[in-house]
Each structure stands twice: as structure tokens, then as C-alpha cells.
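Student: Input file: run-v2.cif. Contents: mmCIF, C-alpha atoms.
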data_my_file
loop_
_atom_site.label_atom_id
_atom_site.label_comp_id
_atom_site.auth_asym_id
_atom_site.auth_seq_id
_atom_site.Cartn_x
_atom_site.Cartn_y
_atom_site.Cartn_z
CA MET A 1 -7.55 -25.39 5.42
CA THR A 2 -5.54 -25.50 2.21
CA ILE A 3 -7.51 -27.38 -0.40
CA ARG A 4 -6.26 -27.17 -3.95
CA THR A 5 -8.74 -26.35 -6.67
CA PRO A 6 -8.75 -29.05 -9.39
CA PRO A 7 -6.90 -27.99 -12.55
CA SER A 8 -10.10 -27.99 -14.57
CA HIS A 9 -11.40 -25.12 -12.46
CA ARG A 10 -8.33 -22.94 -12.67
CA ARG A 11 -8.58 -19.73 -14.62
CA PRO A 12 -5.92 -18.95 -17.21
CA ARG A 13 -3.18 -16.62 -15.99
CA SER A 14 -3.69 -12.98 -16.84
CA ARG A 15 -0.97 -11.34 -18.89
CA THR A 16 -1.73 -7.85 -17.62
CA THR A 17 -2.32 -6.09 -14.34
CA VAL A 18 -6.02 -5.23 -14.43
CA PRO A 19 -8.58 -4.61 -11.69
CA THR A 20 -11.62 -6.80 -12.14
CA SER A 21 -15.10 -6.96 -10.70
CA PRO A 22 -16.35 -9.89 -8.61
CA THR A 23 -17.55 -11.39 -11.89
CA GLY A 24 -14.10 -11.13 -13.48
CA ARG A 25 -14.96 -8.18 -15.76
CA HIS A 26 -12.15 -5.65 -16.21
CA ILE A 27 -12.92 -2.31 -14.56
CA THR A 28 -10.85 0.29 -16.37
CA PRO A 29 -11.63 3.26 -14.04
CA LEU A 30 -10.03 1.50 -11.09
CA ASP A 31 -6.63 1.79 -12.77
CA GLY A 32 -7.10 5.57 -12.82
CA LEU A 33 -8.35 5.55 -9.24
CA ARG A 34 -5.07 3.95 -8.18
CA GLY A 35 -3.25 6.64 -10.14
CA LEU A 36 -5.09 9.38 -8.23
CA ALA A 37 -4.40 7.63 -4.93
CA VAL A 38 -0.65 7.51 -5.49
CA LEU A 39 -0.63 11.13 -6.70
CA GLY A 40 -2.31 12.17 -3.46
CA VAL A 41 0.37 10.40 -1.41
CA LEU A 42 3.20 11.87 -3.49
CA PHE A 43 1.96 15.45 -3.12
CA PHE A 44 1.30 14.90 0.59
CA HIS A 45 4.85 13.76 1.20
CA ALA A 46 6.14 16.69 -0.84
CA GLY A 47 4.25 19.06 1.46
CA HIS A 48 1.77 20.33 -1.15
CA PHE A 49 -1.43 18.50 -0.17
CA SER A 50 -2.29 18.01 3.51
CA GLY A 51 -5.02 15.45 2.85
CA GLY A 52 -3.11 13.36 0.34
CA PHE A 53 -2.30 10.73 2.99
CA LEU A 54 -5.86 9.49 2.49
CA GLY A 55 -4.65 7.96 -0.77
CA VAL A 56 -3.33 5.12 1.38
CA ASP A 57 -6.86 4.40 2.59
CA LEU A 58 -8.04 4.33 -1.00
CA PHE A 59 -5.33 1.74 -1.74
CA PHE A 60 -6.52 -0.32 1.24
CA VAL A 61 -10.14 -0.30 0.05
CA LEU A 62 -9.13 -1.19 -3.50
CA SER A 63 -6.97 -4.06 -2.25
CA GLY A 64 -9.77 -5.49 -0.13
CA PHE A 65 -12.20 -5.28 -3.05
CA LEU A 66 -9.91 -6.84 -5.66
CA ILE A 67 -8.48 -9.62 -3.51
CA THR A 68 -11.84 -10.66 -2.10
CA GLY A 69 -13.38 -10.71 -5.58
CA LEU A 70 -10.54 -12.93 -6.78
CA LEU A 71 -10.91 -15.36 -3.88
CA LEU A 72 -14.69 -15.54 -4.13
CA ARG A 73 -14.54 -16.28 -7.85
CA GLU A 74 -12.17 -19.16 -7.13
CA ALA A 75 -14.42 -20.43 -4.35
CA ARG A 76 -17.49 -20.35 -6.64
CA ALA A 77 -15.64 -22.19 -9.39
CA GLY A 78 -14.29 -24.81 -7.00
CA ASN A 79 -17.40 -25.45 -4.87
CA GLY A 80 -16.01 -23.47 -1.95
CA ARG A 81 -12.41 -24.60 -2.36
CA ILE A 82 -9.52 -22.13 -2.45
CA ASP A 83 -5.91 -23.01 -3.18
CA LEU A 84 -4.30 -20.86 -0.48
CA LEU A 85 -0.74 -21.80 -1.35
CA ARG A 86 -1.31 -20.76 -4.95
CA PHE A 87 -2.88 -17.48 -3.81
CA TRP A 88 0.01 -16.67 -1.49
CA GLY A 89 2.45 -17.57 -4.24
CA ARG A 90 0.79 -15.08 -6.59
CA ARG A 91 0.90 -12.40 -3.91
CA ALA A 92 4.58 -13.11 -3.27
CA ARG A 93 5.41 -12.78 -6.98
CA ARG A 94 3.42 -9.56 -7.13
CA LEU A 95 4.82 -7.81 -4.07
CA LEU A 96 8.16 -9.19 -2.95
CA PRO A 97 10.47 -8.77 -5.99
CA ALA A 98 9.81 -5.02 -6.29
CA LEU A 99 10.05 -4.62 -2.52
CA ALA A 100 13.38 -6.49 -2.39
CA VAL A 101 14.85 -4.37 -5.18
CA THR A 102 13.68 -1.18 -3.46
CA VAL A 103 15.20 -2.18 -0.12
CA ALA A 104 18.51 -3.26 -1.68
CA GLY A 105 18.71 -0.19 -3.90
CA THR A 106 17.86 2.16 -1.04
CA LEU A 107 20.49 0.67 1.27
CA LEU A 108 23.17 0.95 -1.43
CA LEU A 109 22.19 4.54 -2.25
CA LEU A 110 22.26 5.52 1.41
CA TRP A 111 25.62 3.83 1.88
CA ALA A 112 27.02 5.80 -1.04
CA LEU A 113 25.17 9.10 -0.78
CA GLY A 114 22.89 9.33 2.19
CA PRO A 115 23.33 11.05 5.55
CA PRO A 116 24.57 8.70 8.30
CA THR A 117 21.41 9.25 10.33
CA LEU A 118 19.20 7.93 7.55
CA LEU A 119 21.47 4.94 6.94
CA ARG A 120 21.55 4.05 10.62
CA HIS A 121 17.76 4.08 10.89
CA ALA A 122 17.43 2.17 7.61
CA LEU A 123 19.68 -0.60 8.89
CA ASP A 124 17.66 -0.75 12.10
CA ASP A 125 14.37 -0.99 10.21
CA THR A 126 15.37 -3.43 7.44
CA PRO A 127 14.79 -6.68 9.40
CA TRP A 128 11.26 -5.53 10.18
CA VAL A 129 10.64 -4.61 6.55
CA LEU A 130 11.75 -8.10 5.46
CA SER A 131 9.52 -9.74 8.05
CA ASN A 132 6.46 -7.66 7.04
CA LEU A 133 6.16 -6.19 10.53
CA THR A 134 7.25 -2.63 9.81
CA ASN A 135 4.12 -1.04 11.23
CA TRP A 136 4.35 -2.87 14.56
CA HIS A 137 8.07 -2.07 14.78
CA PHE A 138 7.36 1.65 14.47
CA ILE A 139 4.54 1.41 16.99
CA ALA A 140 6.70 -0.47 19.51
CA ASP A 141 9.61 1.97 19.08
CA ARG A 142 7.27 4.96 19.34
CA VAL A 143 8.36 6.36 15.99
CA GLY A 144 5.70 9.03 15.58
CA TYR A 145 4.19 8.94 12.09
CA TRP A 146 3.42 12.64 12.00
CA GLN A 147 6.49 13.83 13.94
CA ALA A 148 9.44 11.60 13.01
CA GLY A 149 8.59 10.22 9.58
CA ASP A 150 11.36 12.11 7.79
CA THR A 151 14.01 10.24 9.79
CA ARG A 152 13.01 6.81 8.42
CA VAL A 153 13.62 6.06 4.78
CA PHE A 154 11.37 2.99 5.07
CA GLY A 155 8.74 4.86 7.05
CA HIS A 156 6.15 4.57 4.28
CA LEU A 157 6.34 0.77 4.24
CA TRP A 158 4.08 0.47 7.28
CA SER A 159 1.12 0.37 4.87
CA ILE A 160 2.70 -2.40 2.77
CA ALA A 161 3.08 -4.42 5.98
CA VAL A 162 -0.60 -3.91 6.82
CA GLU A 163 -1.63 -5.16 3.37
CA GLU A 164 0.67 -8.18 3.51
CA GLN A 165 -0.69 -9.14 6.93
CA PHE A 166 -4.20 -8.83 5.52
CA TYR A 167 -3.27 -11.06 2.56
CA LEU A 168 -2.05 -13.67 5.01
CA LEU A 169 -5.09 -13.71 7.31
CA TRP A 170 -8.17 -12.76 5.27
CA PRO A 171 -7.95 -15.68 2.81
CA LEU A 172 -8.12 -18.03 5.81
CA VAL A 173 -11.39 -16.39 6.86
CA ILE A 174 -12.79 -16.66 3.33
CA GLY A 175 -11.60 -20.26 3.13
CA LEU A 176 -13.81 -21.06 6.12
CA ALA A 177 -16.76 -18.81 5.31
CA ALA A 178 -17.03 -19.69 1.61
CA ARG A 179 -17.53 -23.43 2.03
CA GLY A 180 -21.25 -23.39 2.74
CA ARG A 181 -24.33 -22.69 0.63
CA HIS A 182 -24.37 -19.00 1.54
CA ALA A 183 -20.70 -18.25 0.98
CA ASP A 184 -21.07 -14.61 -0.06
CA ARG A 185 -23.41 -13.85 2.83
CA CYS A 186 -21.00 -15.39 5.31
CA VAL A 187 -18.04 -13.46 3.88
CA ALA A 188 -20.09 -10.25 3.90
CA ALA A 189 -21.06 -10.82 7.53
CA ALA A 190 -17.42 -11.45 8.46
CA ALA A 191 -16.38 -8.25 6.69
CA VAL A 192 -19.07 -6.16 8.39
CA GLY A 193 -18.30 -7.61 11.82
CA GLY A 194 -14.55 -7.21 11.40
CA ALA A 195 -14.90 -3.63 10.16
CA ALA A 196 -17.14 -2.66 13.08
CA LEU A 197 -14.75 -4.23 15.59
CA SER A 198 -11.81 -2.47 13.97
CA LEU A 199 -13.57 0.90 14.27
CA ILE A 200 -14.33 0.27 17.95
CA VAL A 201 -10.69 -0.58 18.64
CA MET A 202 -9.51 2.57 16.85
CA ILE A 203 -11.82 4.81 18.87
CA ALA A 204 -10.85 3.08 22.12
CA LEU A 205 -7.08 3.27 21.54
CA THR A 206 -6.82 6.76 20.04
CA ASP A 207 -4.30 8.96 21.84
CA PRO A 208 -4.89 12.63 20.95
CA VAL A 209 -1.20 13.43 21.50
CA ASP A 210 0.12 10.82 19.05
CA THR A 211 -2.19 8.80 16.82
CA THR A 212 0.56 6.56 15.40
CA ARG A 213 -0.76 3.46 17.20
CA VAL A 214 -4.20 3.64 15.63
CA TYR A 215 -3.00 5.02 12.30
CA GLU A 216 -0.50 2.22 11.64
CA GLY A 217 -2.03 -0.69 13.56
CA THR A 218 -3.29 -3.59 11.47
CA ASP A 219 -6.23 -4.07 13.80
CA THR A 220 -7.26 -0.41 13.71
CA ARG A 221 -6.87 -0.02 9.93
CA ALA A 222 -8.52 -3.31 8.98
CA PHE A 223 -11.88 -1.65 8.39
CA SER A 224 -10.62 0.00 5.19
CA LEU A 225 -9.62 -3.36 3.72
CA LEU A 226 -12.76 -5.08 5.01
CA LEU A 227 -15.16 -2.45 3.66
CA GLY A 228 -13.55 -2.96 0.26
CA ALA A 229 -13.94 -6.71 0.74
CA LEU A 230 -17.62 -6.24 1.58
CA MET A 231 -18.22 -4.45 -1.72
CA ALA A 232 -16.91 -7.51 -3.61
CA THR A 233 -19.58 -9.81 -2.15
CA ALA A 234 -22.88 -10.66 -3.83
CA PRO A 235 -25.11 -8.97 -1.21
CA ALA A 236 -23.36 -5.60 -1.65
CA SER A 237 -23.04 -5.77 -5.44
CA GLY A 238 -26.65 -6.95 -5.67
CA LEU A 239 -27.87 -3.81 -3.89
CA LEU A 240 -25.98 -1.64 -6.38
CA ASP A 241 -27.38 -3.62 -9.31
CA ARG A 242 -30.89 -2.60 -8.22
CA ILE A 243 -30.25 1.13 -8.65
CA GLY A 244 -29.26 0.81 -12.31
CA GLU A 245 -26.27 2.04 -14.26
CA ARG A 246 -27.44 5.63 -14.69
CA ALA A 247 -28.08 6.15 -10.96
CA ALA A 248 -24.83 4.40 -10.08
CA GLY A 249 -22.98 6.87 -12.31
CA TRP A 250 -24.52 9.85 -10.53
CA TRP A 251 -23.80 8.31 -7.12
CA ALA A 252 -20.19 7.72 -8.17
CA LEU A 253 -19.83 11.38 -9.14
CA ALA A 254 -21.34 12.57 -5.85
CA LEU A 255 -19.12 10.23 -3.83
CA ALA A 256 -16.02 11.33 -5.74
CA CYS A 257 -16.82 14.98 -5.04
CA GLY A 258 -17.37 14.25 -1.35
CA ILE A 259 -14.12 12.31 -1.09
CA GLY A 260 -12.25 15.07 -2.91
CA ALA A 261 -13.65 17.70 -0.53
CA TYR A 262 -12.59 15.58 2.44
CA TRP A 263 -9.07 15.24 1.05
CA ILE A 264 -8.85 19.03 0.76
CA THR A 265 -9.96 19.68 4.35
CA ALA A 266 -8.25 16.77 6.18
CA ASP A 267 -5.11 17.64 8.12
CA GLY A 268 -3.80 14.43 9.67
CA GLN A 269 -2.88 14.66 13.33
CA ASN A 270 -4.64 18.03 13.50
CA SER A 271 -7.96 16.46 12.52
CA PRO A 272 -9.00 14.43 15.61
CA SER A 273 -12.31 13.46 13.98
CA LEU A 274 -10.35 11.26 11.57
CA PHE A 275 -9.72 8.80 14.37
CA GLN A 276 -13.21 9.00 15.83
CA GLY A 277 -14.97 7.73 12.74
CA GLY A 278 -13.73 10.00 9.95
CA LEU A 279 -11.37 7.43 8.45
CA PHE A 280 -14.13 4.83 8.63
CA LEU A 281 -16.60 7.07 6.78
CA HIS A 282 -13.94 7.88 4.19
CA ALA A 283 -13.28 4.18 3.62
CA LEU A 284 -17.02 3.50 3.38
CA ALA A 285 -17.41 6.26 0.78
CA ALA A 286 -14.43 4.88 -1.15
CA ALA A 287 -15.92 1.37 -1.07
CA LEU A 288 -19.26 2.67 -2.39
CA LEU A 289 -17.42 4.65 -5.09
CA ILE A 290 -15.59 1.51 -6.20
CA GLY A 291 -18.83 -0.45 -6.21
CA CYS A 292 -20.54 2.21 -8.32
CA LEU A 293 -17.65 2.32 -10.77
CA ALA A 294 -17.81 -1.46 -11.07
CA ARG A 295 -21.54 -1.17 -11.80
CA ALA A 296 -21.22 1.80 -14.17
CA PRO A 297 -17.70 2.05 -15.62
CA ARG A 298 -18.79 3.84 -18.81
CA THR A 299 -20.22 6.94 -17.12
CA PRO A 300 -18.47 10.34 -17.49
CA LEU A 301 -16.53 9.84 -14.24
CA GLY A 302 -15.50 6.37 -15.33
CA LYS A 303 -14.26 7.72 -18.63
CA VAL A 304 -12.22 10.43 -16.88
CA LEU A 305 -10.62 7.87 -14.56
CA GLY A 306 -9.98 5.62 -17.56
CA THR A 307 -7.86 8.17 -19.41
CA PRO A 308 -4.49 6.75 -20.57
CA ALA A 309 -2.35 9.01 -18.34
CA LEU A 310 -4.15 8.06 -15.12
CA ARG A 311 -4.26 4.39 -16.10
CA ARG A 312 -0.53 4.26 -16.80
CA LEU A 313 0.13 5.92 -13.46
CA GLY A 314 -2.12 3.38 -11.77
CA LEU A 315 -0.28 0.47 -13.38
CA ILE A 316 3.03 1.57 -11.83
CA SER A 317 1.48 2.80 -8.58
CA TYR A 318 2.96 0.03 -6.42
CA SER A 319 6.57 0.62 -7.46
CA LEU A 320 6.00 4.36 -7.48
CA TYR A 321 4.84 4.17 -3.88
CA LEU A 322 7.85 2.04 -2.93
CA TRP A 323 10.45 4.34 -4.49
CA HIS A 324 9.15 7.87 -3.99
CA TRP A 325 9.86 8.28 -0.27
CA PRO A 326 13.49 7.03 -0.28
CA ILE A 327 14.14 9.25 -3.29
CA TYR A 328 12.49 12.19 -1.53
CA LEU A 329 14.77 11.83 1.48
CA ILE A 330 17.95 11.12 -0.47
CA LEU A 331 17.38 14.03 -2.89
CA SER A 332 17.13 16.54 -0.06
CA GLU A 333 16.91 20.29 -0.52
CA GLU A 334 20.60 20.57 0.39
CA ARG A 335 21.65 17.95 -2.15
CA LEU A 336 19.52 19.29 -5.01
CA GLY A 337 19.86 22.95 -4.17
CA MET A 338 16.15 23.28 -4.92
CA THR A 339 12.97 23.74 -2.93
CA GLY A 340 9.23 23.79 -3.54
CA TRP A 341 7.66 22.66 -6.77
CA GLY A 342 10.97 22.52 -8.61
CA ARG A 343 12.31 19.88 -6.25
CA THR A 344 8.97 18.08 -6.34
CA ALA A 345 9.11 17.89 -10.14
CA VAL A 346 12.60 16.37 -10.03
CA ILE A 347 11.57 13.82 -7.40
CA LEU A 348 8.43 12.88 -9.32
CA GLY A 349 10.45 12.41 -12.49
CA VAL A 350 13.11 10.27 -10.82
CA SER A 351 10.51 8.24 -8.90
CA THR A 352 8.43 7.61 -12.01
CA ALA A 353 11.50 6.48 -13.94
CA ALA A 354 12.49 4.11 -11.11
CA ALA A 355 8.94 2.73 -10.92
CA ALA A 356 8.70 2.18 -14.67
CA ALA A 357 12.07 0.40 -14.68
CA SER A 358 10.98 -1.79 -11.76
CA LYS A 359 7.75 -2.80 -13.50
CA THR A 360 9.42 -3.45 -16.86
CA LEU A 361 12.59 -5.19 -15.66
CA VAL A 362 11.50 -6.87 -12.42
CA GLU A 363 7.77 -7.13 -11.77
CA ASP A 364 6.28 -8.11 -15.14
CA PRO A 365 9.02 -10.61 -16.13
CA ILE A 366 8.73 -12.43 -12.81
CA ARG A 367 4.93 -12.45 -12.78
CA PHE A 368 4.21 -13.28 -16.42
CA ARG A 369 7.27 -14.50 -18.31
CA SER A 370 9.38 -16.53 -15.89
CA PRO A 371 8.30 -20.16 -15.36
CA TRP A 372 11.04 -20.55 -12.75
CA ALA A 373 9.23 -18.05 -10.51
CA ARG A 374 6.51 -20.60 -9.72
CA GLY A 375 6.33 -23.73 -7.61
CA LEU A 376 9.30 -25.10 -5.71
CA THR A 377 11.79 -23.33 -7.98
CA GLY A 378 10.15 -20.01 -7.27
CA ALA A 379 10.23 -20.66 -3.53
CA ALA A 380 13.93 -21.55 -3.73
CA VAL A 381 14.71 -18.39 -5.71
CA LEU A 382 12.74 -16.31 -3.21
CA LEU A 383 14.69 -17.85 -0.34
CA ALA A 384 17.99 -17.20 -2.11
CA ALA A 385 17.02 -13.57 -2.76
CA PHE A 386 16.05 -13.18 0.87
CA ILE A 387 19.41 -14.59 2.01
CA ALA A 388 21.25 -12.26 -0.39
CA LEU A 389 19.32 -9.27 0.93
CA VAL A 390 20.11 -10.24 4.52
CA ALA A 391 23.77 -10.58 3.56
CA LEU A 392 23.77 -7.11 2.00
CA TRP A 393 22.16 -5.69 5.13
CA ALA A 394 24.78 -7.38 7.33
CA LEU A 395 27.73 -6.24 5.20
CA ILE A 396 26.85 -2.54 5.12
CA PRO A 397 28.67 -0.97 8.08
CA GLU A 398 26.53 0.98 10.50
CA PRO A 399 27.66 4.61 10.86
CA PRO A 400 29.20 5.41 14.24
CA THR A 401 26.93 7.05 16.76
CA GLY A 402 26.98 10.81 16.29
CA ALA A 403 27.99 10.71 12.64
CA GLY A 404 26.12 13.31 10.65
CA THR A 405 25.44 15.57 13.62
CA VAL A 406 26.89 18.91 14.65
CA ASP A 407 29.60 19.10 17.35
CA ILE A 408 28.14 21.70 19.72
CA THR A 409 31.63 22.51 21.07
CA ARG A 410 32.37 24.09 17.69
CA LEU A 411 29.47 26.49 17.98
CA ALA A 412 31.32 28.86 20.33
CA PRO A 413 32.07 32.32 18.89
CA GLY A 414 35.13 32.21 16.67
CA ALA A 415 35.32 28.42 16.59
CA PRO A 416 35.38 26.79 13.14
CA THR A 417 32.31 24.74 12.41
CA GLU A 418 32.23 21.49 10.48
CA PRO A 419 28.63 20.35 10.57
CA GLY A 420 27.76 16.98 9.17
CA PRO A 421 25.01 16.61 6.63
CA SER A 422 21.68 17.78 7.98
CA PRO A 423 18.88 15.24 7.96
CA PRO A 424 16.47 15.92 5.14
CA SER A 425 13.21 17.59 5.81
CA GLY A 426 9.83 16.48 4.61
CA ALA A 427 6.38 15.54 5.71
CA LEU A 428 5.36 11.94 6.16
#
Please lay out the structure from this file as C-alpha cells.
Tutor:
Amino acid sequence: MTIRTPPSHRRPRSRTTVPTSPTGRHITPLDGLRGLAVLGVLFFHAGHFSGGFLGVDLFFVLSGFLITGLLLREARAGNGRIDLLRFWGRRARRLLPALAVTVAGTLLLLWALGPPTLLRHALDDTPWVLSNLTNWHFIADRVGYWQAGDTRVFGHLWSIAVEEQFYLLWPLVIGLAARGRHADRCVAAAAVGGAALSLIVMIALTDPVDTTRVYEGTDTRAFSLLLGALMATAPASGLLDRIGERAAGWWALALACGIGAYWITADGQNSPSLFQGGLFLHALAAALLIGCLARAPRTPLGKVLGTPALRRLGLISYSLYLWHWPIYLILSEERLGMTGWGRTAVILGVSTAAAAASKTLVEDPIRFRSPWARGLTGAAVLLAAFIALVALWALIPEPPTGAGTVDITRLAPGAPTEPGPSPPSGAL
């Protein structure tokens, strides 16, 4: 399956993180779209925006679109050939360094500052985070997404695991489908079939009492990634080309308004229609929005999404997503002595600073300015970092059972109470 593209067909390495269309053209509004997606998630977790969790779906659709466009461009340039090892190496350099720093930093902060309950759960979850199986770990352990999220400092990494599993499997499908004369049609058909099957599985497996299985399952969330992938193929982009730039701009505005209205009304577990087709329709609308923005990036909506503030937020969205939830739980109301929007402002400031530092000091140097991060040397460094992270995990002592809880025998009238730190509150 792994056939290396000849050097003459390889594109020069990009020096910046930019979303591009299936033709390789930079799409500025998609940076801002990522910024809005991460803002939605941040305000959802802070308890200010009940529909902000849908920002994760927007990330899924964007990822499917961008990755599929990248792979199809390589296949066209190499007569159907894709260098899978090179692709996976790029993904590893993009995702794993920031993830490793976040995991190590979070464990150290919890060891020094965090409640024992959070540290205990973090130590239990770390091996699954490192193996990119976080979502299936939470499903198997029945860790309810909507009910028990604020007990798991790595609870938000289920979505990173879904994306990494997609990056592992979808290129194999494209590698097979893109080798014939009708590569784009075959990839589009695979995306449509996979998305339809994923929707059927979600509807069949939905449990109205706890939707964690279908919300975090790779199989039941694949349609978001695959609908984005579909929009990167020639059949889908060709249909949008027929409507013209002006009409695409108006359609983008209408779709954005519809998606915004859905975000305002959605209420997670309390919106059963989400899991009976609502999430699928949202992902389809997001995919069409992305396609329209790719066709008409210079329309008024495109210009709004391309504003510098939203673009900068989009460029650090990955690290911001990684850091915000651990910081939210560690900087609890009790620790900060603040609630509401004041606490949210502090958490946003700290999370943004951590994300900017991660991008400047870790992500960009490894991706763009470190020759040692590629090839066999890069693989050896990655293995060494993994071993060091495992060693850190093994050396941090697990808190004794019961640490951080209240001794109920001390709650009798007149008895002195010495409660341990209360677990932080928050929506996830």
C-alpha cells in the first residue's frame, strides 16, 4: 500500500499553517472558522454557551476537508501514488509534540497543585491518551460525557483520538481508491458510503439515557470527517463551481446563519434529535459552508472570518483546545476565588498564553525549523519522548484511595471537619 511519490513530484514544504483548497490555494476564512470553533468549545466548557460543543464537529469537518484535499493533490501529482509514511510523519510532527507537552505539563501541575481525585483519574487515563484510544477507554469505562466530564482532566482528548484514528485509516482508503482513472469519484463514493453507514450506526446505537457511546465513538462520528472529505473531491467542488462566486457567497452566509442558530438552540444530552440525524445535518451544513468559502473566499462573510483576530485564534486553536480544559479544572472556583465571567476571562487568558507558547516554542520549531524531526532521527526522538513521558507517568505516585474526599464521620454535630479539596465543577 505504501508507495513513495518520486522526489520530482513532491511539493515544497510550507512554512506556515494555512488551510488550502483541493487545488492548493490558501483559504484565509478557514483560519477564522477554526477560531470560531474553538471559541464555541471554550465557552461551552465554561458554562456560557450550551451549543458550543458543536465546535468539535466543525473541527472534524475541517480536518476531513483539509486532509483529503492534501492527499488527493499528492495522488494527482504522483499518478495515484501516495507516500503514506511521509503523510503519517507530517501528522505526527503536527499533533504529537504539543500533545506530549500538554500531558506532561498537566500531570506535573496536578501533582503539585491539583486535587487527588483529578490526579488519580489522570494517571488512569494517560496510557489511553498516549495510545490514541482515549474515546474507546471512556466508552468502555462508562465515563459519561455529559455527566462525569469534570472528573477527567483529559476528558476532552476523546476528539483528538477520533481524529488520529481517522488519519491512520482514511489515507489507506484514499490510497486504494485514488489509483484508478476516476480517483476523485471513487474517493467521493467512499466518503458518501462511509458517512451514510456511520449515521445508521449512530441511530441504531443511541441510548437516550446516556449518549456517550455514539457521541465519542469513532464509527458513529466518522460522518463529520467524511462529509468534509467529500467536499474536497472534484465532484463536490465541481457542483459548487457551477453556481458561481456570487451565489456561493450568499449560500455561505445563509449556511452560517443556520449553523449559528443551531448552536444557540442545541442542548447536548437534552436534545435527542442530535443523535437521530441532527449532528449529521449540522456536519453536512458545515461541509457545504466550507465548500462555499473555498469557492468564494472574498465575499463579506469570508472577509469577516479572515479578520486578523479570528485568524490568529485559529492558528493556535489546536494547542488552545489541548490546554483549556486542564487549566479550567485546575483553576477551580475554590482555587481562584472567582466565578462566572471573571473566572472565564482568567482561564481564557492563561489558556491562550499556554497555547501561544506551545506553538512558538514547540510546534513551529519541530514542524518547520528542525531537520532532526524528520526521517529516522525524528522517529528515534519521538520514541525517546514517548519513553520519557511513560517514565514520568510511572514515577508520579498515585494518591491513596479516598484522598481528597470528606470523612463522613466528621460530619456529626460538634465534630471538627477537615474536608479535602472539592473536585472542581464545570461542564464538559
Student: Evaluating the PyMOL selection byres ((chain A and resi 312-326) around 7) on the displayed file yields which residues, as a list in words?
Tutor: Thr17, Asp31, Gly32, Arg34, Gly35, Val38, Ala98, Thr102, Thr106, Val153, His156, Pro308, Ala309, Leu310, Arg311, Ile327, Tyr328, Leu329, Ile330, Ser351, Thr352, Ala354, Ala355, Ala356, Ser358 and Lys359 of chain A
Student: Do a neighbour search on Ile174 in chain A at 9 Å with all atoms listed in the file, toss out local chain neighbours closer than 3 positions, and write the hits as a list of chain:residue names.
Tutor: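 Here the qualifying residues turn out to be A:Thr68, A:Leu71, A:Leu72, A:Ala75, A:Ile82, A:Trp170, A:Pro171, A:Ala177, A:Ala178, A:Arg179, A:Ala183, A:Cys186, A:Val187, A:Ala190.
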Student: Hey, can you check how far CA of Pro208 in chain A sits from CA of Phe275 in chain A?
Tutor: 9.0 Å
Student: Nearest residue to Cys292 in chain A out of A:Trp251, A:Phe59, A:Phe44, A:Trp263, using all atoms listed in the file?
Tutor: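 Smallest distance to Cys292 in chain A is found for A:Trp251.
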Student: Which residues are close to Met231 in chain A, i.e. within 7 Å by all atoms listed in the file, leaving aside same-chain residues fewer than 2 positions away? Reply as a list in words.
Tutor: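 Once the adjacent positions are removed, what remains is Phe65, Leu227, Gly228, Ala229, Thr233, Ala236, Ser237, Ala287 and Gly291 of chain A.
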Student: For each of A:Leu123, A:Val41, A:Ala296, A:Leu172, take the minimum atom-to-atom distance to Leu110 in chain A, counting all atoms listed in the file, then give the residue where this is smallest.
Tutor: A:Leu123
Student: For Gly89 in chain A, please output as an MDAnalysis selection string all residues within 12 Å (counting all atoms listed in the file; exclusion window: fewer than 2 positions along the same chain).
Tutor: chainID A and resid 83:87 91:96 167:168 366:367 373:379 382
Student: For the atom pair CA of Gly47 in chain A and CA of Gln147 in chain A, what is the interatomic distance in Å to one decimal place?
Tutor: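 Answer for the CA of Gly47 in chain A to CA of Gln147 in chain A separation: 13.7 Å.
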Student: Could you tell me, as a PyMOL selection string, exactly which residues end up selected when the PyMOL selection byres ((chain A and resi 255) around 8) is applied to this structure?
Tutor: chain A and resi 251-254+256-259+285-286+288-289
Student: Given the PyMOL selection byres ((chain A and resi 346) around 12) and the file above, list the residues it selects as a PyMOL selection string.
Tutor: chain A and resi 46+324+327-328+331-333+336-345+347-353
